[in-house]
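Colleague: Below are the structure tokens for one structure; questions will follow.
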Number of protein chains: 2
Amino acid sequence: MKKIINHKADIIEDMFQGIAFNYQDLLTRIGRTGIFYSKKWARDRVAVIGGGGSGHEPTDTGYVGDGMLTAAVCGELFTPPKAELITRAIKEVAGPEGVLLVVKNFKADIEAFNQAAQWAKQEGIPVEMVIVADDISTERLDRKTYALTRRGVAGTVFVQKIIGAAAASGLRLPELKNLGDQVVEATKTLGVALSPSTITNQDKVLFSLQEDEIYFGIGIHGEPGYRIEKMHSSERLAIELMNKLKNAFAWKKGETFAIMVNGLGSTPLMDQFIFVNDVGRLIGLYGLKTPIRKTGNYMTSNDMYGISLTFLRLADPQWLRYLQMPTDAYAWK
Amino acid sequence: MKKIINHKADIIEDMFQGIAFNYQDLLTRIGRTGIFYSKKWARDRVAVIGGGGSGHEPTDTGYVGDGMLTAAVCGELFTPPKAELITRAIKEVAGPEGVLLVVKNFKADIEAFNQAAQWAKQEGIPVEMVIVADDISTERLDRKTYALTRRGVAGTVFVQKIIGAAAASGLRLPELKNLGDQVVEATKTLGVALSPSTITNQDKVLFSLQEDEIYFGIGIHGEPGYRIEKMHSSERLAIELMNKLKNAFAWKKGETFAIMVNGLGSTPLMDQFIFVNDVGRLIGLYGLKTPIRKTGNYMTSNDMYGISLTFLRLADPQWLRYLQMPTDAYAWK
């Protein structure tokens, strides 16, 4: 397995050092940890913290900046940060207004962030948590444990942007928690893999596919999807994903959405632009408005060749304004 | 060959449509051509046009915007636009101040842009051309035809940013031509491939490599490099490239550079950050200052797994200010 790395055991620490070097004007790294926070942070608003396992770059460090996340707390490859580290992040950035945690819905992530929130509260820090569960590919698997099986994926970036802009605008912690929960409800994502991602430090891949196959509904850590079939065309892929999104939203002509086409790591921009074109034609057919359109690598699965499509229903015009507000976060443009 | 595309013959047109859809607020596309120009363009300054073959996304459309390129003129996959199309782009955006063309140094590109410049001049449009030739890997191959064999690669993005900011600041055409030539002289790049890129519309790859091999000095269209060897580590790769750059620049302690680590299409950000960390350590050892540090996919070779490293000597403090000026170009951040 040929990679631009040094010792396999050091890939995450080496990467953190690279991020700290490259964004030294924007981000402060705490010691030799996976905690990065905005140099402009003044502790005068609610701090918004994102985090989770590494391997999804630019998530989450790429969204730290004035007007978006206050801090990111990052774990090892595809492994969430420990509760102790999250607690340290909370204590480091918390001001009197408290802290909002934005967490992707994976069992281990929820456990660690919950534990950290409890510890922080015990020390008197106001903490709330928004759990992003936008991946609709898995909601059929288990209706009873819905909250656990619907994973948090690329839609998280929209949630972080809206909450981050709202926090910068002065919203208080209960308002932000309420806003975040509403935005999560309005955010839905579907993904597809053409090739698996590599667990670089274990020299193995997450699953296997035949040369001509694609895997619908795959998770960003290789969690099972809902169907494997032969790859046909970008257009058919767009039709499949848009049909599922249409059913999930039951959208009507004239409704307004933010959309994101997200490359999963090794997908060339050419493929992403071809795909967003097919999505755009269907958006035209459905008569939807999409004033926010993002195409690029926003939340990856290391080197997975694949794509995800996120729709966020802009139920409140203020959400659009939050998405349009400027931020210096390095991966939001 | 599994790709997110439709008909192979249509990949570039489909991609152009996707770019036009995604960036409809930022870019105007002329008809069904590869010409995209900034919606904010007012024809009151020198127009700066970049261009070349497609397959290098986000180059060049990603650098069109207020404060950077006025327009991009894009050809087919790895094939420069025809002189007729370049002429159309020139006529479309030219104001009384004229047009500066920024061209990557490849024979076919130079011929097409030269022809277009001639035709435009015959119609009374002032045109100058800056030829970027930053790839120092090939300058040994043919000392006599130096200007033709030293290719234009990722350093082009720095040249476009500086010229674009200078044009927006009101510099006149002869000043911009002079500035561009100086910046080109101060820009040097070296690249390495771990895997070849695909010529998607021909179902073939550009060259072949063994599983454990890397290819130094490879061009963005698969042009020959200078050595194939076994991949060892990011650190050794950084040492190899930095040694060559050190010899080329003969830099002294305390000198100031802009640097770019550029992913060639399918390189995960993790690898890029690990590599920039190794580069950063050497920068520290050499005692250089690097106030501009860019890491990401700036000029790709479709789906090539690989990386390039660009250094630009900031001989004039004004160049740093030009690099720091804001632009709304979608791929500059």
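Order determines the names: the first chain of the structure tokens is A, the second B, and so forth; residues in each chain are numbered 1 upward, and ligands are numbered 1 upward as they are shown.
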List the spatial neighbours of range 314-318 of chain B as a list of chain:residue names - criterion: any atom at most 8 Å away, only C-alpha atoms, same-chain residues fewer than 6 positions off excluded.

Modeller: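 Answer for this query is B:Ala186, B:Thr256, B:Phe257, B:Ala258.
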
Colleague: Run DSSP on the backbone of this structure and report the residues of range 57-233 of chain A it assigns to strand (DSSP E), as a PyMOL selection string.

Modeller: chain A and resi 71-77+99-104+127-132+187-195+198-199+204-205+213-216+227-230

Colleague: Output N, CA, C and O atoms of each residue in that selection to a file, as a short mmCIF file (atom, residue, chain, number, x, y, z; two decimals), in the first residue's frame.

Modeller:
```cif
data_model
loop_
_atom_site.label_atom_id
_atom_site.label_comp_id
_atom_site.auth_asym_id
_atom_site.auth_seq_id
_atom_site.Cartn_x
_atom_site.Cartn_y
_atom_site.Cartn_z
N ALA A 71 -13.69 25.42 17.83
CA ALA A 71 -12.63 24.42 17.99
C ALA A 71 -13.03 23.10 17.36
O ALA A 71 -14.22 22.81 17.18
N ALA A 72 -12.02 22.32 17.02
CA ALA A 72 -12.21 20.93 16.59
C ALA A 72 -11.43 20.05 17.55
O ALA A 72 -10.32 20.42 17.96
N VAL A 73 -12.01 18.91 17.90
CA VAL A 73 -11.28 17.95 18.73
C VAL A 73 -11.28 16.63 17.97
O VAL A 73 -12.33 16.05 17.70
N CYS A 74 -10.09 16.21 17.57
CA CYS A 74 -9.94 15.12 16.60
C CYS A 74 -9.27 13.91 17.23
O CYS A 74 -8.30 14.04 17.99
N GLY A 75 -9.77 12.74 16.90
CA GLY A 75 -9.23 11.50 17.43
C GLY A 75 -8.25 10.84 16.48
O GLY A 75 -7.73 11.47 15.56
N GLU A 76 -8.01 9.56 16.72
CA GLU A 76 -7.16 8.79 15.82
C GLU A 76 -7.94 8.45 14.55
O GLU A 76 -9.09 8.85 14.40
N LEU A 77 -7.33 7.68 13.65
CA LEU A 77 -7.97 7.37 12.37
C LEU A 77 -9.27 6.60 12.59
O LEU A 77 -9.26 5.51 13.16
N VAL A 99 -20.88 26.08 26.00
CA VAL A 99 -20.34 25.34 24.85
C VAL A 99 -21.43 24.50 24.19
O VAL A 99 -22.21 23.84 24.86
N LEU A 100 -21.46 24.56 22.87
CA LEU A 100 -22.32 23.65 22.11
C LEU A 100 -21.44 22.65 21.37
O LEU A 100 -20.51 23.03 20.66
N LEU A 101 -21.74 21.36 21.56
CA LEU A 101 -21.00 20.31 20.88
C LEU A 101 -21.80 19.85 19.65
O LEU A 101 -23.00 19.59 19.75
N VAL A 102 -21.14 19.77 18.50
CA VAL A 102 -21.78 19.23 17.29
C VAL A 102 -21.14 17.87 17.01
O VAL A 102 -19.94 17.78 16.73
N VAL A 103 -21.95 16.82 17.14
CA VAL A 103 -21.42 15.46 17.09
C VAL A 103 -22.09 14.67 15.98
O VAL A 103 -23.31 14.76 15.80
N LYS A 104 -21.30 13.91 15.24
CA LYS A 104 -21.86 13.02 14.21
C LYS A 104 -22.39 11.76 14.90
O LYS A 104 -21.75 11.21 15.80
N VAL A 127 -23.25 23.18 28.93
CA VAL A 127 -22.95 22.43 27.71
C VAL A 127 -24.24 21.87 27.11
O VAL A 127 -25.08 21.34 27.83
N GLU A 128 -24.38 22.02 25.81
CA GLU A 128 -25.46 21.35 25.08
C GLU A 128 -24.84 20.59 23.92
O GLU A 128 -23.71 20.87 23.51
N MET A 129 -25.61 19.64 23.39
CA MET A 129 -25.09 18.81 22.30
C MET A 129 -26.12 18.71 21.18
O MET A 129 -27.31 18.50 21.44
N VAL A 130 -25.65 18.89 19.96
CA VAL A 130 -26.49 18.66 18.77
C VAL A 130 -25.93 17.44 18.06
O VAL A 130 -24.73 17.39 17.75
N ILE A 131 -26.77 16.45 17.85
CA ILE A 131 -26.34 15.21 17.20
C ILE A 131 -26.81 15.22 15.76
O ILE A 131 -28.01 15.28 15.49
N VAL A 132 -25.86 15.17 14.83
CA VAL A 132 -26.20 15.19 13.41
C VAL A 132 -26.43 13.77 12.93
O VAL A 132 -25.58 12.89 13.13
N THR A 187 -31.84 18.18 7.32
CA THR A 187 -30.63 17.84 6.56
C THR A 187 -30.59 16.35 6.25
O THR A 187 -30.69 15.53 7.18
N LYS A 188 -30.45 16.00 4.99
CA LYS A 188 -30.44 14.59 4.60
C LYS A 188 -29.36 14.33 3.55
O LYS A 188 -29.19 15.12 2.62
N THR A 189 -28.67 13.22 3.72
CA THR A 189 -27.53 12.88 2.87
C THR A 189 -27.61 11.42 2.42
O THR A 189 -28.09 10.57 3.17
N LEU A 190 -27.12 11.17 1.20
CA LEU A 190 -26.93 9.80 0.70
C LEU A 190 -25.56 9.72 0.05
O LEU A 190 -25.17 10.64 -0.68
N GLY A 191 -24.86 8.61 0.27
CA GLY A 191 -23.52 8.47 -0.30
C GLY A 191 -23.39 7.19 -1.10
O GLY A 191 -24.18 6.26 -0.96
N VAL A 192 -22.35 7.15 -1.92
CA VAL A 192 -22.08 5.98 -2.73
C VAL A 192 -20.56 5.85 -2.90
O VAL A 192 -19.86 6.84 -3.03
N ALA A 193 -20.09 4.59 -2.83
CA ALA A 193 -18.66 4.34 -2.97
C ALA A 193 -18.37 3.58 -4.24
O ALA A 193 -19.09 2.64 -4.59
N LEU A 194 -17.31 3.98 -4.95
CA LEU A 194 -16.81 3.22 -6.10
C LEU A 194 -15.60 2.39 -5.71
O LEU A 194 -15.26 1.43 -6.38
N SER A 195 -14.94 2.80 -4.61
CA SER A 195 -13.83 2.01 -4.08
C SER A 195 -13.78 2.24 -2.59
O SER A 195 -14.27 3.25 -2.09
N THR A 198 -8.89 3.28 2.71
CA THR A 198 -7.81 2.52 3.32
C THR A 198 -7.69 2.86 4.80
O THR A 198 -7.75 4.03 5.16
N ILE A 199 -7.55 1.84 5.63
CA ILE A 199 -7.14 2.09 7.02
C ILE A 199 -5.62 2.05 7.00
O ILE A 199 -4.98 1.02 7.17
N LYS A 204 -4.97 -2.14 5.52
CA LYS A 204 -6.10 -2.87 4.95
C LYS A 204 -7.16 -1.91 4.46
O LYS A 204 -7.15 -0.73 4.82
N VAL A 205 -8.06 -2.41 3.64
CA VAL A 205 -9.16 -1.58 3.16
C VAL A 205 -10.44 -1.98 3.88
O VAL A 205 -10.54 -3.07 4.46
N GLU A 213 -18.41 -2.36 -9.79
CA GLU A 213 -19.51 -2.21 -8.83
C GLU A 213 -19.46 -0.89 -8.06
O GLU A 213 -18.39 -0.34 -7.82
N ILE A 214 -20.62 -0.44 -7.65
CA ILE A 214 -20.71 0.66 -6.70
C ILE A 214 -21.59 0.22 -5.53
O ILE A 214 -22.41 -0.68 -5.65
N TYR A 215 -21.38 0.89 -4.40
CA TYR A 215 -22.03 0.49 -3.16
C TYR A 215 -22.82 1.70 -2.67
O TYR A 215 -22.26 2.72 -2.29
N PHE A 216 -24.15 1.58 -2.68
CA PHE A 216 -25.02 2.67 -2.23
C PHE A 216 -25.12 2.70 -0.71
O PHE A 216 -25.24 1.65 -0.06
N ARG A 227 -27.12 -1.36 -0.94
CA ARG A 227 -27.18 -2.13 -2.18
C ARG A 227 -25.87 -2.00 -2.94
O ARG A 227 -25.28 -0.92 -3.01
N ILE A 228 -25.44 -3.12 -3.51
CA ILE A 228 -24.30 -3.10 -4.43
C ILE A 228 -24.84 -3.37 -5.82
O ILE A 228 -25.65 -4.28 -6.00
N GLU A 229 -24.44 -2.53 -6.77
CA GLU A 229 -24.85 -2.82 -8.15
C GLU A 229 -23.77 -2.34 -9.11
O GLU A 229 -22.80 -1.70 -8.71
N LYS A 230 -23.96 -2.65 -10.38
CA LYS A 230 -22.97 -2.22 -11.36
C LYS A 230 -23.08 -0.72 -11.59
O LYS A 230 -24.17 -0.17 -11.64
#
```

Colleague: Excluding Met260 in chain B and any residue of its chain fewer than 6 positions from it, enumerate the residues within 10 Å of it, using only C-alpha atoms, and give them as a PyMOL selection string.

Modeller: (chain A and resi 22) or (chain B and resi 154-155+157-158+189+276+292-298+308-312)

Colleague: Find the residues near range 41-53 of chain B: any atom within 9 Å, counting only C-alpha atoms, skip ones fewer than 4 places away on the same chain, and give them as number ranges by chain.

Modeller: B: 35, 37, 59-61, 63-66, 68-81, 86, 89-90, 93-104, 109, 160, 163-164, 167-173, 176

Colleague: Distance cut-off 8 Å, counting only C-alpha atoms - which residues of chain A neighbour chain B? Return them as an NGL selection string.

Modeller: :A and (1-6 or 11 or 14-19 or 21-23 or 55 or 57-58 or 194 or 211-212 or 231 or 233-235 or 265-278 or 280 or 293-295 or 302-303 or 330-331 or 333)

Colleague: Could you pull the residues within 9 Å of Trp251 in chain B, counting only C-alpha atoms, minus those fewer than 5 positions along the same chain, as a VMD selection string?

Modeller: chain B and resid 245 to 246 286 288 313

Colleague: How many Å separate CA of Ala166 in chain A from CA of Val184 in chain A?

Modeller: 14.7 Å
